[in-house]
$ cat entry-v3.cif   # mmCIF, C-alpha atoms
data_structure
loop_
_atom_site.label_atom_id
_atom_site.label_comp_id
_atom_site.auth_asym_id
_atom_site.auth_seq_id
_atom_site.Cartn_x
_atom_site.Cartn_y
_atom_site.Cartn_z
CA MET R 1 1.87 -9.50 19.79
CA THR R 2 4.28 -12.39 20.18
CA PRO R 3 5.93 -12.54 23.66
CA ARG R 4 9.67 -11.77 23.69
CA GLY R 5 10.38 -15.18 25.18
CA ALA R 6 8.51 -17.12 22.49
CA PRO R 7 10.57 -19.57 20.39
CA LEU R 8 12.35 -17.81 17.56
CA ASN R 9 11.40 -18.73 13.98
CA ARG R 10 11.50 -17.00 10.60
CA GLU R 11 7.96 -15.61 10.76
CA ARG R 12 8.50 -14.17 14.23
CA VAL R 13 11.69 -12.47 13.00
CA LEU R 14 9.86 -11.06 9.98
CA ARG R 15 6.85 -9.83 11.97
CA ALA R 16 9.19 -8.11 14.42
CA ALA R 17 11.01 -6.47 11.50
CA ILE R 18 7.71 -5.24 10.05
CA ALA R 19 6.67 -3.81 13.43
CA LEU R 20 10.02 -2.05 13.79
CA ALA R 21 9.80 -0.56 10.28
CA ASP R 22 6.20 0.56 10.92
CA ARG R 23 7.15 2.25 14.16
CA ASP R 24 10.53 3.81 13.35
CA GLY R 25 10.76 3.76 9.54
CA LEU R 26 12.58 1.41 7.23
CA GLU R 27 15.85 3.34 7.61
CA ALA R 28 15.85 2.33 11.28
CA LEU R 29 15.71 -1.37 10.47
CA SER R 30 19.06 -3.03 11.09
CA MET R 31 20.07 -6.49 12.25
CA ARG R 32 21.34 -5.03 15.51
CA LYS R 33 18.11 -3.14 16.27
CA LEU R 34 16.01 -6.12 15.24
CA GLY R 35 18.01 -8.34 17.58
CA ASN R 36 17.39 -5.87 20.39
CA GLU R 37 13.65 -5.93 19.68
CA LEU R 38 13.66 -9.72 19.95
CA GLY R 39 16.01 -9.81 22.95
CA ILE R 40 18.72 -11.77 21.13
CA GLU R 41 22.17 -11.21 19.64
CA ALA R 42 22.07 -9.98 16.05
CA MET R 43 24.13 -12.99 14.90
CA SER R 44 21.26 -15.30 15.91
CA LEU R 45 19.10 -13.72 13.21
CA TYR R 46 21.25 -15.29 10.51
CA ASN R 47 19.76 -18.66 11.40
CA HIS R 48 16.49 -17.31 9.98
CA VAL R 49 17.45 -14.76 7.30
CA LYS R 50 20.49 -14.77 5.02
CA ASN R 51 21.25 -11.06 5.19
CA LYS R 52 19.63 -7.61 5.20
CA SER R 53 18.54 -7.94 1.57
CA ASP R 54 16.88 -11.28 2.26
CA LEU R 55 15.15 -9.70 5.26
CA LEU R 56 13.76 -6.84 3.14
CA ASP R 57 12.57 -9.19 0.41
CA ALA R 58 10.88 -11.41 2.98
CA ILE R 59 9.03 -8.65 4.87
CA VAL R 60 7.76 -7.19 1.58
CA ASP R 61 6.51 -10.63 0.57
CA LEU R 62 4.87 -11.18 3.95
CA VAL R 63 3.04 -7.83 3.82
CA LEU R 64 1.55 -8.87 0.47
CA THR R 65 -0.07 -11.90 2.11
CA ASP R 66 -2.21 -9.50 4.19
CA ILE R 67 -3.94 -8.17 1.06
CA GLU R 68 -7.30 -9.75 0.29
CA VAL R 69 -7.87 -10.96 -3.25
CA PRO R 70 -11.35 -12.51 -3.52
CA PRO R 71 -11.53 -16.16 -4.61
CA ALA R 72 -12.35 -17.63 -8.01
CA GLY R 73 -15.97 -17.12 -8.97
CA THR R 74 -16.08 -13.54 -7.65
CA PRO R 75 -17.15 -11.11 -10.43
CA TRP R 76 -14.00 -9.41 -11.68
CA LYS R 77 -15.11 -5.84 -10.93
CA GLU R 78 -16.09 -6.67 -7.35
CA ALA R 79 -12.88 -8.65 -6.90
CA MET R 80 -10.68 -5.83 -8.18
CA ARG R 81 -12.48 -3.25 -6.07
CA ARG R 82 -12.11 -5.29 -2.89
CA ARG R 83 -8.51 -6.16 -3.74
CA SER R 84 -7.57 -2.53 -4.39
CA ILE R 85 -9.19 -1.23 -1.21
CA SER R 86 -7.53 -3.98 0.82
CA ALA R 87 -4.15 -3.22 -0.77
CA HIS R 88 -4.53 0.49 -0.05
CA ASP R 89 -5.39 -0.20 3.59
CA VAL R 90 -2.41 -2.55 4.00
CA LEU R 91 0.03 -0.15 2.34
CA VAL R 92 -1.14 2.77 4.47
CA ALA R 93 -0.70 0.59 7.58
CA HIS R 94 2.89 -0.11 6.44
CA PRO R 95 3.97 3.25 4.95
CA TRP R 96 7.40 1.95 3.86
CA ALA R 97 6.01 -1.00 1.88
CA ALA R 98 4.65 0.58 -1.32
CA LEU R 99 8.00 1.89 -2.52
CA GLN R 100 9.72 -1.38 -1.58
CA ILE R 101 7.19 -3.44 -3.55
CA MET R 102 7.77 -1.23 -6.58
CA SER R 103 11.56 -1.10 -6.33
CA ARG R 104 12.62 -4.59 -5.22
CA PHE R 105 12.66 -7.67 -7.44
CA THR R 106 10.74 -9.77 -4.96
CA ILE R 107 9.02 -12.83 -6.41
CA GLY R 108 8.31 -14.83 -3.28
CA PRO R 109 5.27 -16.99 -2.51
CA GLY R 110 3.27 -14.00 -1.23
CA MET R 111 3.82 -11.95 -4.38
CA THR R 112 3.24 -14.96 -6.63
CA LYS R 113 -0.10 -15.81 -4.99
CA TYR R 114 -1.17 -12.16 -5.01
CA LEU R 115 -0.41 -11.73 -8.71
CA ASP R 116 -1.87 -15.10 -9.69
CA SER R 117 -5.14 -14.31 -7.91
CA THR R 118 -5.30 -10.78 -9.35
CA LEU R 119 -4.66 -11.90 -12.92
CA GLY R 120 -6.91 -14.92 -12.42
CA ARG R 121 -9.96 -12.80 -11.54
CA LEU R 122 -9.33 -10.59 -14.58
CA LEU R 123 -8.89 -13.52 -16.98
CA GLU R 124 -11.96 -15.26 -15.55
CA GLY R 125 -13.88 -12.02 -16.09
CA GLY R 126 -13.27 -12.10 -19.83
CA PHE R 127 -10.12 -10.04 -20.28
CA THR R 128 -7.56 -11.25 -22.78
CA VAL R 129 -4.01 -11.77 -21.53
CA GLU R 130 -3.04 -8.34 -22.88
CA GLY R 131 -6.22 -6.83 -21.47
CA ALA R 132 -5.56 -8.34 -18.04
CA LEU R 133 -2.02 -6.92 -18.05
CA ASP R 134 -3.30 -3.47 -19.02
CA ALA R 135 -6.04 -3.61 -16.37
CA TRP R 136 -3.61 -4.71 -13.66
CA HIS R 137 -1.09 -1.99 -14.52
CA THR R 138 -3.79 0.69 -14.67
CA LEU R 139 -5.28 -0.32 -11.32
CA ASP R 140 -1.86 -0.44 -9.70
CA SER R 141 -0.90 2.96 -11.14
CA HIS R 142 -3.81 4.46 -9.23
CA LEU R 143 -3.12 2.33 -6.15
CA TYR R 144 0.57 3.15 -5.81
CA GLY R 145 0.36 6.73 -7.04
CA PHE R 146 -2.40 7.63 -4.58
CA THR R 147 -0.86 5.68 -1.70
CA LEU R 148 2.66 7.07 -2.10
CA GLN R 149 1.30 10.60 -2.13
CA GLU R 150 -0.83 9.87 0.95
CA VAL R 151 1.89 8.28 3.07
CA ASN R 152 4.42 10.98 2.17
CA LEU R 153 2.26 13.96 3.10
CA PRO R 154 4.07 16.19 5.61
CA PHE R 155 1.04 15.89 7.90
CA ALA R 156 -1.49 13.24 8.88
CA VAL R 157 -4.49 12.99 6.55
CA GLU R 158 -6.89 13.67 9.41
CA ALA R 159 -5.06 16.95 10.06
CA ALA R 160 -5.95 18.29 6.59
CA PRO R 161 -8.69 20.66 7.87
CA ASP R 162 -6.30 22.24 10.40
CA VAL R 163 -3.54 22.54 7.81
CA SER R 164 -6.03 24.08 5.37
CA ALA R 165 -7.04 26.64 7.98
CA GLN R 166 -3.40 27.67 8.35
CA VAL R 167 -2.86 27.86 4.58
CA VAL R 168 -6.01 29.82 3.76
CA THR R 169 -5.07 32.66 6.14
CA GLY R 170 -2.06 33.42 3.94
CA LEU R 171 -3.99 33.52 0.67
CA ASP R 172 -5.42 36.56 -1.08
CA PRO R 173 -8.91 35.43 -2.18
CA GLU R 174 -9.01 38.04 -4.93
CA GLN R 175 -5.73 36.90 -6.45
CA PHE R 176 -6.32 33.15 -5.91
CA PRO R 177 -10.11 32.72 -5.77
CA HIS R 178 -10.28 29.10 -6.87
CA VAL R 179 -7.54 27.80 -4.57
CA THR R 180 -9.07 29.73 -1.68
CA ARG R 181 -12.51 28.29 -2.41
CA VAL R 182 -11.26 24.68 -2.52
CA ILE R 183 -9.02 24.95 0.56
CA THR R 184 -11.84 26.61 2.51
CA HIS R 185 -14.11 23.72 1.56
CA VAL R 186 -11.56 21.20 2.87
CA MET R 187 -11.22 23.23 6.06
CA GLN R 188 -14.96 23.39 6.65
CA SER R 189 -16.00 19.93 5.46
CA GLY R 190 -13.02 17.87 6.59
CA ARG R 191 -13.07 16.16 3.21
CA VAL R 192 -9.77 14.83 1.89
CA GLU R 193 -8.77 12.94 -1.24
CA ASP R 194 -10.90 9.84 -1.82
CA PHE R 195 -9.08 6.70 -3.00
CA GLU R 196 -12.32 5.00 -3.99
CA PHE R 197 -13.41 7.87 -6.26
CA GLY R 198 -10.49 7.33 -8.63
CA LEU R 199 -10.70 3.56 -8.24
CA ASP R 200 -14.32 3.51 -9.39
CA LEU R 201 -13.47 5.68 -12.40
CA VAL R 202 -10.75 3.20 -13.39
CA LEU R 203 -13.05 0.20 -12.90
CA ASP R 204 -15.87 1.80 -14.90
CA GLY R 205 -13.42 2.59 -17.70
CA LEU R 206 -12.10 -0.99 -17.73
CA GLU R 207 -15.65 -2.32 -17.81
CA ALA R 208 -16.53 -0.05 -20.74
CA LYS R 209 -13.39 -1.22 -22.57
CA LEU R 210 -14.20 -4.88 -21.90
CA THR R 211 -17.82 -4.65 -23.03
CA GLY R 212 -17.19 -2.27 -25.93
CA ARG R 213 -19.51 0.40 -24.56
#
$ encode --input "entry-v3.cif" --output "structure tokens"
Amino acid sequence: MTPRGAPLNRERVLRAAIALADRDGLEALSMRKLGNELGIEAMSLYNHVKNKSDLLDAIVDLVLTDIEVPPAGTPWKEAMRRRSISAHDVLVAHPWAALQIMSRFTIGPGMTKYLDSTLGRLLEGGFTVEGALDAWHTLDSHLYGFTLQEVNLPFAVEAAPDVSAQVVTGLDPEQFPHVTRVITHVMQSGRVEDFEFGLDLVLDGLEAKLTGR
């Protein structure tokens, strides 16, 4: 963590904004509150960001730089698996970010590098331009769909067994045998939805499409 008295620069402002959004939610992010976090007057922030919209674009772009996309020469399937898992981890760590990435027209250096590396590994792996676009969109549909559902659950993922125990007590197993069976399994096993299960299905399907199998 950067000390409050450290010299102020754009990255320090952005990292403080990310930390504030992670802790209190994006709706709590304002120039006034960010200034308080940094121990400065809000007006001083305008030396580093143009306005609130510029701030949002910039923190989204900075979050994207934390996602690992393996370098050139990495087999495409391995690269896309590692990239997707890294992206999922980063987006769960910053629960506000997924929706912002999808809804803001942010084409900064972080986004550009992220997309260039993603498309590069697909094109190097033998996908056509159209095939790379389809693969990217399909992978990201799973990534964002799964992540948005996960971060918007009304309870923490690790609390799923306890929540299941509460739910199953209100179910009639004769009327709803299948739901009862599945919820009981979650309660007893602690198993929750697996991001990598769906990811591997997508990757296997893309590989079959690429190789004509």
$ closest_atom_pairs --input "entry-v3.cif" --of "stretch 23-104 of chain R" --to "stretch 195-205 of chain R" --cutoff "9 Å" --atoms "all atoms listed in the file" --output "JSON lines"
{"residue": "R:Lys77", "atom": "CA", "partner": "R:Leu203", "partner_atom": "CA", "distance": 6.7}
{"residue": "R:Met80", "atom": "CA", "partner": "R:Leu203", "partner_atom": "CA", "distance": 8.0}
{"residue": "R:Arg81", "atom": "CA", "partner": "R:Leu199", "partner_atom": "CA", "distance": 7.4}
{"residue": "R:Ser84", "atom": "CA", "partner": "R:Leu199", "partner_atom": "CA", "distance": 7.9}
{"residue": "R:Ile85", "atom": "CA", "partner": "R:Glu196", "partner_atom": "CA", "distance": 7.5}
{"residue": "R:His88", "atom": "CA", "partner": "R:Phe195", "partner_atom": "CA", "distance": 8.2}
$ residues_around --input "entry-v3.cif" --residues "R:Val167" --least-positions-apart "2" --cutoff "12 Å" --atoms "all atoms listed in the file" --output "list in words"
Ala160, Pro161, Asp162, Val163, Ser164, Ala165, Thr169, Gly170, Leu171, Asp172, Pro173, Val179, Thr180, Arg181, Val182, Ile183, Thr184, Val186 and Met187 of chain R
$ write_last_selection --input "entry-v3.cif" --atoms "C-alpha atoms" --output "PDB file, in the frame of the given file"
ATOM      1  CA  ALA R 160      -5.950  18.290   6.590  1.00  0.00           C
ATOM      2  CA  PRO R 161      -8.690  20.660   7.870  1.00  0.00           C
ATOM      3  CA  ASP R 162      -6.300  22.240  10.400  1.00  0.00           C
ATOM      4  CA  VAL R 163      -3.540  22.540   7.810  1.00  0.00           C
ATOM      5  CA  SER R 164      -6.030  24.080   5.370  1.00  0.00           C
ATOM      6  CA  ALA R 165      -7.040  26.640   7.980  1.00  0.00           C
ATOM      7  CA  THR R 169      -5.070  32.660   6.140  1.00  0.00           C
ATOM      8  CA  GLY R 170      -2.060  33.420   3.940  1.00  0.00           C
ATOM      9  CA  LEU R 171      -3.990  33.520   0.670  1.00  0.00           C
ATOM     10  CA  ASP R 172      -5.420  36.560  -1.080  1.00  0.00           C
ATOM     11  CA  PRO R 173      -8.910  35.430  -2.180  1.00  0.00           C
ATOM     12  CA  VAL R 179      -7.540  27.800  -4.570  1.00  0.00           C
ATOM     13  CA  THR R 180      -9.070  29.730  -1.680  1.00  0.00           C
ATOM     14  CA  ARG R 181     -12.510  28.290  -2.410  1.00  0.00           C
ATOM     15  CA  VAL R 182     -11.260  24.680  -2.520  1.00  0.00           C
ATOM     16  CA  ILE R 183      -9.020  24.950   0.560  1.00  0.00           C
ATOM     17  CA  THR R 184     -11.840  26.610   2.510  1.00  0.00           C
ATOM     18  CA  VAL R 186     -11.560  21.200   2.870  1.00  0.00           C
ATOM     19  CA  MET R 187     -11.220  23.230   6.060  1.00  0.00           C
TER      20      MET R 187
END
$ resolve_selection --input "entry-v3.cif" --expression "the PyMOL selection byres ((chain R and resi 22-26) around 9)" --output "PyMOL selection string"
chain R and resi 17-21+27-30+93-97
$ closest_residue --input "entry-v3.cif" --among "R:Leu45, R:Val63, R:Ala79, R:Ile40" --to "R:Glu124" --atoms "only C-alpha atoms"
R:Ala79
$ closest_residue --input "entry-v3.cif" --among "R:Arg83, R:His48, R:His137, R:Lys33" --to "R:Asn9" --atoms "only C-alpha atoms"
R:His48
$ atom_distance --input "entry-v3.cif" --atom1 "atom CA of R:Ser86" --atom2 "atom CA of R:Ile67"
5.5 Å
$ residues_near_point --input "entry-v3.cif" --point "(-8.6, -2.9, -13.9)" --cutoff "6 Å" --atoms "all atoms listed in the file" --output "PyMOL selection string"
chain R and resi 135-136+139+203+206
$ residues_around --input "entry-v3.cif" --residues "R:Val60" --least-positions-apart "4" --cutoff "12 Å" --atoms "only C-alpha atoms" --output "PyMOL selection string"
chain R and resi 14-15+17-18+21+26+53-56+64-67+90-91+94-111
$ build_atoms --input "entry-v3.cif" --residues "stretch 23-34 of chain R" --atoms "all heavy atoms" --output "mmCIF file, in the frame of the given file"
data_model
loop_
_atom_site.group_PDB
_atom_site.id
_atom_site.type_symbol
_atom_site.label_atom_id
_atom_site.label_comp_id
_atom_site.auth_asym_id
_atom_site.auth_seq_id
_atom_site.Cartn_x
_atom_site.Cartn_y
_atom_site.Cartn_z
ATOM 1 N N ARG R 23 7.027 1.314 13.037
ATOM 2 C CA ARG R 23 7.150 2.250 14.160
ATOM 3 C C ARG R 23 8.211 3.325 13.922
ATOM 4 O O ARG R 23 7.981 4.511 14.178
ATOM 5 C CB ARG R 23 7.497 1.471 15.424
ATOM 6 C CG ARG R 23 7.460 2.311 16.710
ATOM 7 C CD ARG R 23 7.988 1.516 17.884
ATOM 8 N NE ARG R 23 9.433 1.322 17.785
ATOM 9 C CZ ARG R 23 10.076 0.244 18.262
ATOM 10 N NH1 ARG R 23 9.411 -0.729 18.862
ATOM 11 N NH2 ARG R 23 11.391 0.156 18.137
ATOM 12 N N ASP R 24 9.379 2.900 13.426
ATOM 13 C CA ASP R 24 10.530 3.810 13.350
ATOM 14 C C ASP R 24 10.960 4.158 11.937
ATOM 15 O O ASP R 24 11.870 4.969 11.755
ATOM 16 C CB ASP R 24 11.717 3.206 14.103
ATOM 17 C CG ASP R 24 11.437 2.992 15.577
ATOM 18 O OD1 ASP R 24 10.536 3.677 16.112
ATOM 19 O OD2 ASP R 24 12.095 2.134 16.197
ATOM 20 N N GLY R 25 10.347 3.531 10.925
ATOM 21 C CA GLY R 25 10.760 3.760 9.540
ATOM 22 C C GLY R 25 11.739 2.713 9.071
ATOM 23 O O GLY R 25 12.493 2.149 9.863
ATOM 24 N N LEU R 26 11.736 2.475 7.774
ATOM 25 C CA LEU R 26 12.580 1.410 7.230
ATOM 26 C C LEU R 26 14.064 1.708 7.420
ATOM 27 O O LEU R 26 14.872 0.788 7.588
ATOM 28 C CB LEU R 26 12.279 1.234 5.733
ATOM 29 C CG LEU R 26 12.797 -0.054 5.099
ATOM 30 C CD1 LEU R 26 12.092 -1.269 5.695
ATOM 31 C CD2 LEU R 26 12.595 -0.027 3.584
ATOM 32 N N GLU R 27 14.441 2.978 7.431
ATOM 33 C CA GLU R 27 15.850 3.340 7.610
ATOM 34 C C GLU R 27 16.360 2.939 8.989
ATOM 35 O O GLU R 27 17.568 2.807 9.183
ATOM 36 C CB GLU R 27 16.049 4.843 7.381
ATOM 37 C CG GLU R 27 15.347 5.751 8.376
ATOM 38 C CD GLU R 27 13.871 5.962 8.089
ATOM 39 O OE1 GLU R 27 13.378 5.404 7.079
ATOM 40 O OE2 GLU R 27 13.221 6.672 8.871
ATOM 41 N N ALA R 28 15.444 2.726 9.925
ATOM 42 C CA ALA R 28 15.850 2.330 11.280
ATOM 43 C C ALA R 28 16.024 0.819 11.414
ATOM 44 O O ALA R 28 16.524 0.346 12.440
ATOM 45 C CB ALA R 28 14.820 2.810 12.304
ATOM 46 N N LEU R 29 15.636 0.087 10.390
ATOM 47 C CA LEU R 29 15.710 -1.370 10.470
ATOM 48 C C LEU R 29 17.132 -1.851 10.207
ATOM 49 O O LEU R 29 17.681 -1.686 9.127
ATOM 50 C CB LEU R 29 14.749 -1.993 9.441
ATOM 51 C CG LEU R 29 14.721 -3.521 9.374
ATOM 52 C CD1 LEU R 29 14.316 -4.129 10.712
ATOM 53 C CD2 LEU R 29 13.760 -3.979 8.266
ATOM 54 N N SER R 30 17.739 -2.428 11.217
ATOM 55 C CA SER R 30 19.060 -3.030 11.090
ATOM 56 C C SER R 30 19.045 -4.355 11.839
ATOM 57 O O SER R 30 18.173 -4.592 12.682
ATOM 58 C CB SER R 30 20.145 -2.114 11.679
ATOM 59 O OG SER R 30 20.007 -2.019 13.087
ATOM 60 N N MET R 31 20.010 -5.196 11.564
ATOM 61 C CA MET R 31 20.070 -6.490 12.250
ATOM 62 C C MET R 31 20.286 -6.282 13.743
ATOM 63 O O MET R 31 19.720 -6.992 14.573
ATOM 64 C CB MET R 31 21.169 -7.347 11.640
ATOM 65 C CG MET R 31 21.020 -7.594 10.138
ATOM 66 S SD MET R 31 19.479 -8.437 9.689
ATOM 67 C CE MET R 31 20.027 -10.152 9.700
ATOM 68 N N ARG R 32 21.078 -5.289 14.094
ATOM 69 C CA ARG R 32 21.340 -5.030 15.510
ATOM 70 C C ARG R 32 20.062 -4.591 16.234
ATOM 71 O O ARG R 32 19.728 -5.108 17.309
ATOM 72 C CB ARG R 32 22.414 -3.949 15.649
ATOM 73 C CG ARG R 32 22.760 -3.622 17.113
ATOM 74 C CD ARG R 32 23.796 -2.511 17.206
ATOM 75 N NE ARG R 32 23.335 -1.283 16.590
ATOM 76 C CZ ARG R 32 22.510 -0.412 17.189
ATOM 77 N NH1 ARG R 32 22.054 -0.669 18.415
ATOM 78 N NH2 ARG R 32 22.141 0.695 16.584
ATOM 79 N N LYS R 33 19.337 -3.631 15.630
ATOM 80 C CA LYS R 33 18.110 -3.140 16.270
ATOM 81 C C LYS R 33 17.036 -4.225 16.305
ATOM 82 O O LYS R 33 16.281 -4.321 17.276
ATOM 83 C CB LYS R 33 17.598 -1.905 15.536
ATOM 84 C CG LYS R 33 18.460 -0.680 15.765
ATOM 85 C CD LYS R 33 17.874 0.545 15.095
ATOM 86 C CE LYS R 33 18.727 1.779 15.359
ATOM 87 N NZ LYS R 33 18.172 2.989 14.705
ATOM 88 N N LEU R 34 16.979 -5.036 15.261
ATOM 89 C CA LEU R 34 16.010 -6.120 15.240
ATOM 90 C C LEU R 34 16.326 -7.137 16.330
ATOM 91 O O LEU R 34 15.427 -7.641 17.015
ATOM 92 C CB LEU R 34 15.983 -6.788 13.859
ATOM 93 C CG LEU R 34 14.988 -7.931 13.670
ATOM 94 C CD1 LEU R 34 13.563 -7.494 14.008
ATOM 95 C CD2 LEU R 34 15.069 -8.444 12.232
#
